[in-house]
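Everything below concerns the one structure shown next.
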Amino acid sequence: MAPKMPDWSEFPPELLVSIGRCLNLIEDYLNFGSVCKSWHSVATKNNFNNDLTRAPWLMLAEEEDNEVRKFFSLYNGMILNKRIPKASRKRCLESMGWLITVGEEGEISLLHPFSGVHIELPHVNTTEDYYNQEIDPVTCFIGKAVLSASPSNTSDYILMVIDGNFWDLRFWRPGDIRWTKIKFEGSNYFSFTDIIFFNDQIYSVDQSGCLLVCDVAEVVGPQLTKCHTLAQIPTEPQDTPDHLYILESLGSLFVIARYGVQLRLVQDDSDRIPLTLLPEGDTSENGLWEDITYGTKKFRVFQFDSAAVKLIETRELGDAAFFVGANASISVQASQCPGIKPNHIYFTDDFYESYLSYDEGGGLDMGVFNLADGRIQPHYKGVSLSRFCPPTWVTPTPY
């Protein structure tokens with residue numbers, strides 16, 4: 001008589017908790033929680049070593065309106081399949097392991113991809129002067145979204161976004177019924193590209209490469225916000241970056257300049273990409289669609305020197321690795337994250353102004369940049385493209 005197979009769902013809860021607390025890798029913990037309902041019930045942040053550094057996973061594009069998303073781990077190449085129906089056909093941005101989703105009708109939500117916890121946010125049309133800020137498609141109305149703290153840990157947090165045609169700053173707090181535009185003191189106008197929360201202040205970078213700072217308390221208060229310019233990246237007229245990011249690493253601020261993401265004329269055959277340009281995306285003078293391309297050519301990194309009050313270019317990040325894209329820009333220590341290379345920039349295809357010019361959508365302009373030698377290792381082979389949500393970095397967190 002064949003031995004009876006054990007029923008894994010009948011494991012005592014206290015034993016499951018003991019097992020869960022022995023797991024040190026988030027990859028193992030997410031697999032642990034996917035065994036069955038009883039195992040999933042103990043897969044909470046309280047039963048996991050939540051102090052470990054975690055490298056982002058790559059959330060791959062949705063395939064054929066399938067509600068299942070694939071998450072790729074750089075640590076061991078593991079692929080986790082997760083059904084996330086509330087993210088279907090929506091653009092997904094990311095911050096602190098949460099997705100900020102924008103749907104085709106302008107609906108916005110916070111969504112934890114692994115627990116399924118869903119928080120509805122005000123519609124895009126609750127923003128001040130929305131109809132002068134509209135973007136087509138509306139899924140791209142929000143360009144960047146950053147949390148001040150994780151909703152998994154507290155209800156006292158702020159969601160800051162860059163949105164609209166003018167790349168304004170707005171915020172939402174739990175209980176708000178509309179988005180609040182940040183109004184700045186004076187006549188200065190800033191077109192923001194990225195933001196971070198750091199030491200009770202909001203640091204940002206605008207399209208001209210200025211590093212800016214304002215107090216969180218002023219931003220959420222009733223008075224006009226004072227925004228101070230700290231420094232500006234040095235650039236040459238022929239070397240203007242296409243996109244800019246900002247992040248903090250071990251207490252230092254960095255501005256990352258990205259080149260090549262805007263549509264441009266093909267320079268040679270190696271510059272061509274295997275995508276179908278839509279007629280409205282053809283901006284060439286001679287109308288030859290095949291003469292248009294896009295794709296990252298290089299990055300430059302500038303570290304803020306607080307003593308000299310200036311941004312200084314560097315090619316040495318030490319043990320750090322940067323992750324940029326539609327996620328909140330972050331840095332991790334490579335020595336604490338198996339599979340991650342130090343002094344490298346991991347990037348995804350987040351410049352929708354370019355990838356929406358192609359029938360297949362975005363996801364092609366993705367890879368790893370070696371800051372020391374300037375080489376790019378592309379990572380797009382075998383990856384599905386999407387006009388809704390190209391691959392995005394997601395830092396896996398238990399809820």
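Residue numbering restarts at 1 for every chain of the structure tokens, chains are lettered A, B, ... in their displayed order, and ligands are numbered from 1 as they appear.
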
Can you pull out the residues contacting region 150-166 of chain A? Cut-off 9 Å, using only C-alpha atoms, and skip same-chain residues under 4 positions away; I want them as a ChimeraX atom specification.
/A:45,95-98,112,130,132-135,140-146,170-174,190-196,397-399

All residues 10 Å or closer to region 329-340 of chain A, only C-alpha atoms, same chain fewer than 5 positions away omitted, as a ChimeraX atom specification:
/A:25,52-56,73-77,94-96,144,146,194-196,245-250,254,256,317-324,345-347,393,395

Selected residues, C-alpha atoms, written as a PDB file, in the first residue's frame, please.
```
ATOM      1  CA  LEU A  25      15.353  35.698   1.300  1.00  0.00           C
ATOM      2  CA  LEU A  52      17.115  42.731   5.085  1.00  0.00           C
ATOM      3  CA  THR A  53      18.136  44.706   2.016  1.00  0.00           C
ATOM      4  CA  ARG A  54      16.136  43.586  -1.006  1.00  0.00           C
ATOM      5  CA  ALA A  55      16.915  44.186  -4.640  1.00  0.00           C
ATOM      6  CA  PRO A  56      13.974  45.011  -6.900  1.00  0.00           C
ATOM      7  CA  SER A  73      14.414  37.756  -9.585  1.00  0.00           C
ATOM      8  CA  LEU A  74      17.922  38.935 -10.478  1.00  0.00           C
ATOM      9  CA  TYR A  75      19.233  36.811  -7.589  1.00  0.00           C
ATOM     10  CA  ASN A  76      18.502  33.346  -8.962  1.00  0.00           C
ATOM     11  CA  GLY A  77      16.552  33.864 -12.169  1.00  0.00           C
ATOM     12  CA  GLU A  94       6.103  51.677  -8.129  1.00  0.00           C
ATOM     13  CA  SER A  95       7.230  52.924  -4.733  1.00  0.00           C
ATOM     14  CA  MET A  96       8.219  50.926  -1.617  1.00  0.00           C
ATOM     15  CA  LYS A 144       6.292  59.513 -11.325  1.00  0.00           C
ATOM     16  CA  VAL A 146       6.768  58.337  -4.620  1.00  0.00           C
ATOM     17  CA  ASP A 194      11.887  62.927 -10.319  1.00  0.00           C
ATOM     18  CA  ILE A 195      11.410  63.320  -6.553  1.00  0.00           C
ATOM     19  CA  ILE A 196      12.441  61.658  -3.284  1.00  0.00           C
ATOM     20  CA  TYR A 245      16.438  60.931 -11.937  1.00  0.00           C
ATOM     21  CA  ILE A 246      17.288  61.600  -8.296  1.00  0.00           C
ATOM     22  CA  LEU A 247      18.006  59.152  -5.478  1.00  0.00           C
ATOM     23  CA  GLU A 248      19.685  58.832  -2.101  1.00  0.00           C
ATOM     24  CA  SER A 249      22.466  56.352  -1.371  1.00  0.00           C
ATOM     25  CA  LEU A 250      24.100  55.984   2.065  1.00  0.00           C
ATOM     26  CA  PHE A 254      22.736  61.662  -6.665  1.00  0.00           C
ATOM     27  CA  ILE A 256      21.360  60.540 -12.815  1.00  0.00           C
ATOM     28  CA  LEU A 317      29.505  54.268  -6.808  1.00  0.00           C
ATOM     29  CA  GLY A 318      31.454  51.859  -4.612  1.00  0.00           C
ATOM     30  CA  ASP A 319      29.240  48.947  -3.561  1.00  0.00           C
ATOM     31  CA  ALA A 320      26.050  50.698  -4.706  1.00  0.00           C
ATOM     32  CA  ALA A 321      23.819  49.783  -7.644  1.00  0.00           C
ATOM     33  CA  PHE A 322      21.070  52.112  -8.891  1.00  0.00           C
ATOM     34  CA  PHE A 323      17.619  51.125 -10.188  1.00  0.00           C
ATOM     35  CA  VAL A 324      15.748  53.664 -12.333  1.00  0.00           C
ATOM     36  CA  ILE A 345      22.703  51.207 -13.225  1.00  0.00           C
ATOM     37  CA  TYR A 346      19.726  48.918 -13.852  1.00  0.00           C
ATOM     38  CA  PHE A 347      17.160  50.649 -16.060  1.00  0.00           C
ATOM     39  CA  TRP A 393      11.178  47.415 -11.088  1.00  0.00           C
ATOM     40  CA  THR A 395      10.876  45.951  -4.568  1.00  0.00           C
TER      41      THR A 395
END
```

Do a neighbour search on region 362-369 of chain A at 8 Å with only C-alpha atoms, toss out local chain neighbours closer than 4 positions, and write the hits as a short mmCIF file (atom, residue, chain, number, x, y, z; two decimals) with all heavy atoms, in the first residue's frame.
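So selection-v4.cif came out as:
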```cif
data_model
loop_
_atom_site.label_atom_id
_atom_site.label_comp_id
_atom_site.auth_asym_id
_atom_site.auth_seq_id
_atom_site.Cartn_x
_atom_site.Cartn_y
_atom_site.Cartn_z
N ALA A 61 5.87 42.63 -18.45
CA ALA A 61 4.65 43.18 -19.03
C ALA A 61 3.55 42.13 -19.05
O ALA A 61 3.80 40.92 -19.17
CB ALA A 61 4.93 43.68 -20.45
N VAL A 261 16.82 58.49 -24.89
CA VAL A 261 15.46 57.94 -24.79
C VAL A 261 14.46 58.67 -25.67
O VAL A 261 13.36 58.17 -25.90
CB VAL A 261 14.97 57.93 -23.33
CG1 VAL A 261 15.85 57.04 -22.47
CG2 VAL A 261 14.90 59.33 -22.75
N TYR A 294 15.01 55.06 -31.03
CA TYR A 294 15.26 55.57 -29.69
C TYR A 294 15.94 54.46 -28.90
O TYR A 294 15.93 53.29 -29.29
CB TYR A 294 13.97 56.03 -28.99
CG TYR A 294 13.18 54.93 -28.30
CD1 TYR A 294 13.19 54.81 -26.90
CD2 TYR A 294 12.42 54.01 -29.02
CE1 TYR A 294 12.47 53.82 -26.26
CE2 TYR A 294 11.70 53.02 -28.39
CZ TYR A 294 11.72 52.92 -27.00
OH TYR A 294 11.02 51.93 -26.38
N GLY A 295 16.53 54.81 -27.78
CA GLY A 295 17.21 53.82 -26.95
C GLY A 295 18.37 54.45 -26.19
O GLY A 295 19.09 55.29 -26.73
N THR A 296 18.54 54.06 -24.95
CA THR A 296 19.55 54.64 -24.08
C THR A 296 20.95 54.48 -24.65
O THR A 296 21.35 53.37 -25.04
CB THR A 296 19.48 53.99 -22.68
OG1 THR A 296 18.18 54.26 -22.13
CG2 THR A 296 20.55 54.54 -21.76
N LYS A 298 23.74 56.28 -22.95
CA LYS A 298 24.67 56.35 -21.82
C LYS A 298 23.97 56.98 -20.62
O LYS A 298 22.84 57.50 -20.72
CB LYS A 298 25.90 57.19 -22.17
CG LYS A 298 25.61 58.68 -22.39
CD LYS A 298 26.89 59.48 -22.64
CE LYS A 298 26.57 60.97 -22.82
NZ LYS A 298 27.78 61.78 -23.01
N PHE A 299 24.64 56.90 -19.48
CA PHE A 299 24.23 57.60 -18.26
C PHE A 299 25.41 58.43 -17.75
O PHE A 299 26.58 58.06 -17.97
CB PHE A 299 23.84 56.62 -17.15
CG PHE A 299 22.51 55.95 -17.33
CD1 PHE A 299 22.41 54.75 -18.03
CD2 PHE A 299 21.36 56.50 -16.78
CE1 PHE A 299 21.19 54.12 -18.18
CE2 PHE A 299 20.13 55.87 -16.94
CZ PHE A 299 20.05 54.68 -17.64
N HIS A 344 26.80 49.71 -11.08
CA HIS A 344 25.98 49.54 -12.29
C HIS A 344 24.64 50.24 -12.10
O HIS A 344 24.16 50.40 -10.97
CB HIS A 344 25.74 48.05 -12.59
CG HIS A 344 26.91 47.37 -13.23
ND1 HIS A 344 28.11 47.18 -12.58
CD2 HIS A 344 27.06 46.83 -14.47
CE1 HIS A 344 28.95 46.53 -13.38
NE2 HIS A 344 28.34 46.33 -14.54
N ILE A 345 24.04 50.62 -13.21
CA ILE A 345 22.70 51.21 -13.22
C ILE A 345 21.77 50.26 -13.96
O ILE A 345 21.98 49.94 -15.14
CB ILE A 345 22.70 52.59 -13.91
CG1 ILE A 345 23.61 53.56 -13.15
CG2 ILE A 345 21.28 53.15 -13.97
CD1 ILE A 345 23.79 54.90 -13.85
N TYR A 346 20.74 49.80 -13.27
CA TYR A 346 19.73 48.92 -13.85
C TYR A 346 18.55 49.79 -14.28
O TYR A 346 17.98 50.52 -13.47
CB TYR A 346 19.27 47.88 -12.83
CG TYR A 346 20.34 46.87 -12.47
CD1 TYR A 346 21.42 47.21 -11.64
CD2 TYR A 346 20.29 45.58 -12.97
CE1 TYR A 346 22.40 46.29 -11.32
CE2 TYR A 346 21.27 44.64 -12.66
CZ TYR A 346 22.32 45.00 -11.83
OH TYR A 346 23.29 44.07 -11.52
N PHE A 347 18.17 49.72 -15.56
CA PHE A 347 17.16 50.65 -16.06
C PHE A 347 16.09 49.94 -16.89
O PHE A 347 16.34 48.89 -17.49
CB PHE A 347 17.81 51.76 -16.90
CG PHE A 347 18.53 51.29 -18.14
CD1 PHE A 347 17.88 51.27 -19.37
CD2 PHE A 347 19.86 50.88 -18.08
CE1 PHE A 347 18.54 50.85 -20.53
CE2 PHE A 347 20.52 50.45 -19.22
CZ PHE A 347 19.86 50.43 -20.45
N THR A 348 14.89 50.51 -16.85
CA THR A 348 13.79 50.00 -17.67
C THR A 348 13.31 51.08 -18.62
O THR A 348 13.71 52.25 -18.53
CB THR A 348 12.62 49.52 -16.79
OG1 THR A 348 12.20 50.60 -15.94
CG2 THR A 348 13.02 48.32 -15.94
N ASP A 349 12.42 50.70 -19.51
CA ASP A 349 11.90 51.56 -20.58
C ASP A 349 10.73 52.37 -20.02
O ASP A 349 9.59 51.90 -20.02
CB ASP A 349 11.45 50.68 -21.74
CG ASP A 349 11.25 51.45 -23.03
OD1 ASP A 349 11.28 52.69 -22.98
OD2 ASP A 349 11.06 50.81 -24.08
N ASP A 350 10.99 53.60 -19.54
CA ASP A 350 9.95 54.37 -18.87
C ASP A 350 9.57 55.65 -19.60
O ASP A 350 8.70 56.39 -19.14
CB ASP A 350 10.40 54.72 -17.45
CG ASP A 350 11.59 55.67 -17.42
OD1 ASP A 350 12.39 55.64 -18.38
OD2 ASP A 350 11.73 56.44 -16.45
N TYR A 352 7.55 57.14 -21.92
CA TYR A 352 6.39 56.79 -22.73
C TYR A 352 6.25 57.68 -23.97
O TYR A 352 5.66 57.25 -24.98
CB TYR A 352 5.11 56.85 -21.89
CG TYR A 352 4.70 58.23 -21.44
CD1 TYR A 352 3.94 59.06 -22.27
CD2 TYR A 352 5.04 58.71 -20.18
CE1 TYR A 352 3.57 60.33 -21.86
CE2 TYR A 352 4.67 59.98 -19.77
CZ TYR A 352 3.94 60.79 -20.61
OH TYR A 352 3.57 62.04 -20.21
N TYR A 355 8.15 55.36 -26.47
CA TYR A 355 7.70 54.00 -26.77
C TYR A 355 6.25 53.93 -27.25
O TYR A 355 5.88 52.98 -27.95
CB TYR A 355 7.97 53.04 -25.61
CG TYR A 355 7.14 53.18 -24.35
CD1 TYR A 355 5.77 52.93 -24.33
CD2 TYR A 355 7.76 53.49 -23.13
CE1 TYR A 355 5.03 53.01 -23.17
CE2 TYR A 355 7.03 53.57 -21.95
CZ TYR A 355 5.66 53.32 -21.98
OH TYR A 355 4.94 53.40 -20.81
N LEU A 356 5.43 54.94 -26.95
CA LEU A 356 4.06 54.92 -27.46
C LEU A 356 4.00 55.30 -28.94
O LEU A 356 2.94 55.25 -29.54
CB LEU A 356 3.17 55.86 -26.65
CG LEU A 356 2.79 55.36 -25.25
CD1 LEU A 356 1.91 56.36 -24.54
CD2 LEU A 356 2.09 54.01 -25.32
N TYR A 358 5.39 53.51 -31.05
CA TYR A 358 5.53 52.21 -31.71
C TYR A 358 4.34 51.31 -31.39
O TYR A 358 3.81 51.33 -30.28
CB TYR A 358 6.84 51.53 -31.28
CG TYR A 358 8.06 52.29 -31.74
CD1 TYR A 358 8.60 53.32 -30.98
CD2 TYR A 358 8.66 51.98 -32.96
CE1 TYR A 358 9.71 54.04 -31.42
CE2 TYR A 358 9.77 52.69 -33.41
CZ TYR A 358 10.28 53.72 -32.64
OH TYR A 358 11.37 54.43 -33.09
N GLY A 374 31.18 52.39 -19.32
CA GLY A 374 30.18 52.93 -20.23
C GLY A 374 29.48 51.91 -21.09
O GLY A 374 28.74 52.27 -22.02
N ARG A 375 29.65 50.62 -20.81
CA ARG A 375 29.02 49.59 -21.62
C ARG A 375 27.60 49.30 -21.15
O ARG A 375 27.30 49.36 -19.96
CB ARG A 375 29.84 48.30 -21.59
CG ARG A 375 31.22 48.43 -22.24
CD ARG A 375 31.95 47.10 -22.20
NE ARG A 375 33.29 47.21 -22.79
CZ ARG A 375 34.15 46.19 -22.86
NH1 ARG A 375 33.81 45.01 -22.37
NH2 ARG A 375 35.34 46.38 -23.40
N ILE A 376 26.73 48.96 -22.11
CA ILE A 376 25.34 48.61 -21.81
C ILE A 376 25.12 47.15 -22.15
O ILE A 376 25.43 46.71 -23.27
CB ILE A 376 24.35 49.49 -22.59
CG1 ILE A 376 24.43 50.94 -22.10
CG2 ILE A 376 22.93 48.96 -22.42
CD1 ILE A 376 23.50 51.88 -22.83
N GLN A 377 24.58 46.41 -21.21
CA GLN A 377 24.17 45.03 -21.46
C GLN A 377 22.65 45.03 -21.58
O GLN A 377 21.94 45.19 -20.60
CB GLN A 377 24.59 44.12 -20.31
CG GLN A 377 24.14 42.67 -20.50
CD GLN A 377 24.51 41.80 -19.29
OE1 GLN A 377 25.24 42.23 -18.40
NE2 GLN A 377 23.98 40.59 -19.27
N PRO A 378 22.11 44.85 -22.81
CA PRO A 378 20.65 44.90 -22.98
C PRO A 378 19.98 43.69 -22.35
O PRO A 378 20.55 42.60 -22.31
CB PRO A 378 20.47 44.91 -24.50
CG PRO A 378 21.71 44.27 -25.03
CD PRO A 378 22.82 44.63 -24.08
N HIS A 379 18.76 43.89 -21.86
CA HIS A 379 18.03 42.82 -21.18
C HIS A 379 16.65 42.62 -21.78
O HIS A 379 15.74 42.18 -21.10
CB HIS A 379 17.88 43.16 -19.69
CG HIS A 379 19.00 42.61 -18.86
ND1 HIS A 379 18.89 42.45 -17.52
CD2 HIS A 379 20.24 42.21 -19.17
CE1 HIS A 379 20.03 41.96 -17.02
NE2 HIS A 379 20.87 41.83 -18.01
N TYR A 380 16.47 42.96 -23.05
CA TYR A 380 15.13 42.91 -23.60
C TYR A 380 14.81 41.60 -24.31
O TYR A 380 13.67 41.35 -24.67
CB TYR A 380 14.90 44.07 -24.58
CG TYR A 380 15.88 44.12 -25.73
CD1 TYR A 380 15.73 43.28 -26.83
CD2 TYR A 380 16.93 45.02 -25.73
CE1 TYR A 380 16.62 43.33 -27.88
CE2 TYR A 380 17.83 45.08 -26.78
CZ TYR A 380 17.68 44.23 -27.85
OH TYR A 380 18.56 44.27 -28.89
N VAL A 383 11.61 39.36 -23.65
CA VAL A 383 10.70 40.09 -22.77
C VAL A 383 9.54 40.66 -23.59
O VAL A 383 9.75 41.26 -24.64
CB VAL A 383 11.44 41.24 -22.04
CG1 VAL A 383 10.46 42.10 -21.27
CG2 VAL A 383 12.48 40.66 -21.09
N SER A 384 8.32 40.46 -23.11
CA SER A 384 7.15 40.98 -23.82
C SER A 384 7.09 42.50 -23.71
O SER A 384 7.46 43.07 -22.68
CB SER A 384 5.87 40.38 -23.23
OG SER A 384 5.84 38.98 -23.44
N LEU A 385 6.64 43.14 -24.77
CA LEU A 385 6.48 44.59 -24.79
C LEU A 385 5.02 44.93 -24.48
O LEU A 385 4.15 44.08 -24.55
CB LEU A 385 6.90 45.14 -26.14
CG LEU A 385 8.28 44.73 -26.65
CD1 LEU A 385 8.59 45.43 -27.97
CD2 LEU A 385 9.36 45.02 -25.63
N SER A 386 4.78 46.20 -24.14
CA SER A 386 3.41 46.58 -23.77
C SER A 386 3.20 48.06 -24.00
O SER A 386 4.08 48.88 -23.73
CB SER A 386 3.15 46.24 -22.30
OG SER A 386 1.90 46.77 -21.88
N ARG A 387 2.00 48.42 -24.46
CA ARG A 387 1.62 49.82 -24.56
C ARG A 387 0.97 50.30 -23.26
O ARG A 387 0.77 51.49 -23.06
CB ARG A 387 0.65 50.03 -25.73
CG ARG A 387 1.32 49.82 -27.09
CD ARG A 387 0.34 50.10 -28.24
NE ARG A 387 -0.15 51.46 -28.23
CZ ARG A 387 0.54 52.52 -28.67
NH1 ARG A 387 1.76 52.36 -29.14
NH2 ARG A 387 0.01 53.73 -28.63
N CYS A 389 1.82 48.77 -19.80
CA CYS A 389 2.78 48.77 -18.70
C CYS A 389 3.99 47.94 -19.08
O CYS A 389 4.00 46.72 -18.89
CB CYS A 389 2.13 48.22 -17.43
SG CYS A 389 3.23 48.21 -16.01
N PRO A 390 5.04 48.58 -19.61
CA PRO A 390 6.28 47.86 -19.87
C PRO A 390 6.87 47.32 -18.57
O PRO A 390 6.43 47.68 -17.48
CB PRO A 390 7.18 48.93 -20.50
CG PRO A 390 6.25 49.98 -20.98
CD PRO A 390 5.11 49.98 -20.02
N PRO A 391 7.88 46.45 -18.66
CA PRO A 391 8.52 45.93 -17.44
C PRO A 391 8.92 47.04 -16.47
O PRO A 391 9.40 48.11 -16.87
CB PRO A 391 9.73 45.18 -17.98
CG PRO A 391 9.30 44.72 -19.33
CD PRO A 391 8.46 45.85 -19.87
#
```

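Considering the residues A:Leu15, A:Leu121, A:Leu224, A:Leu212 and counting only C-alpha atoms, Arg178 (chain A) has its shortest atom-to-atom contact with A:Leu121.
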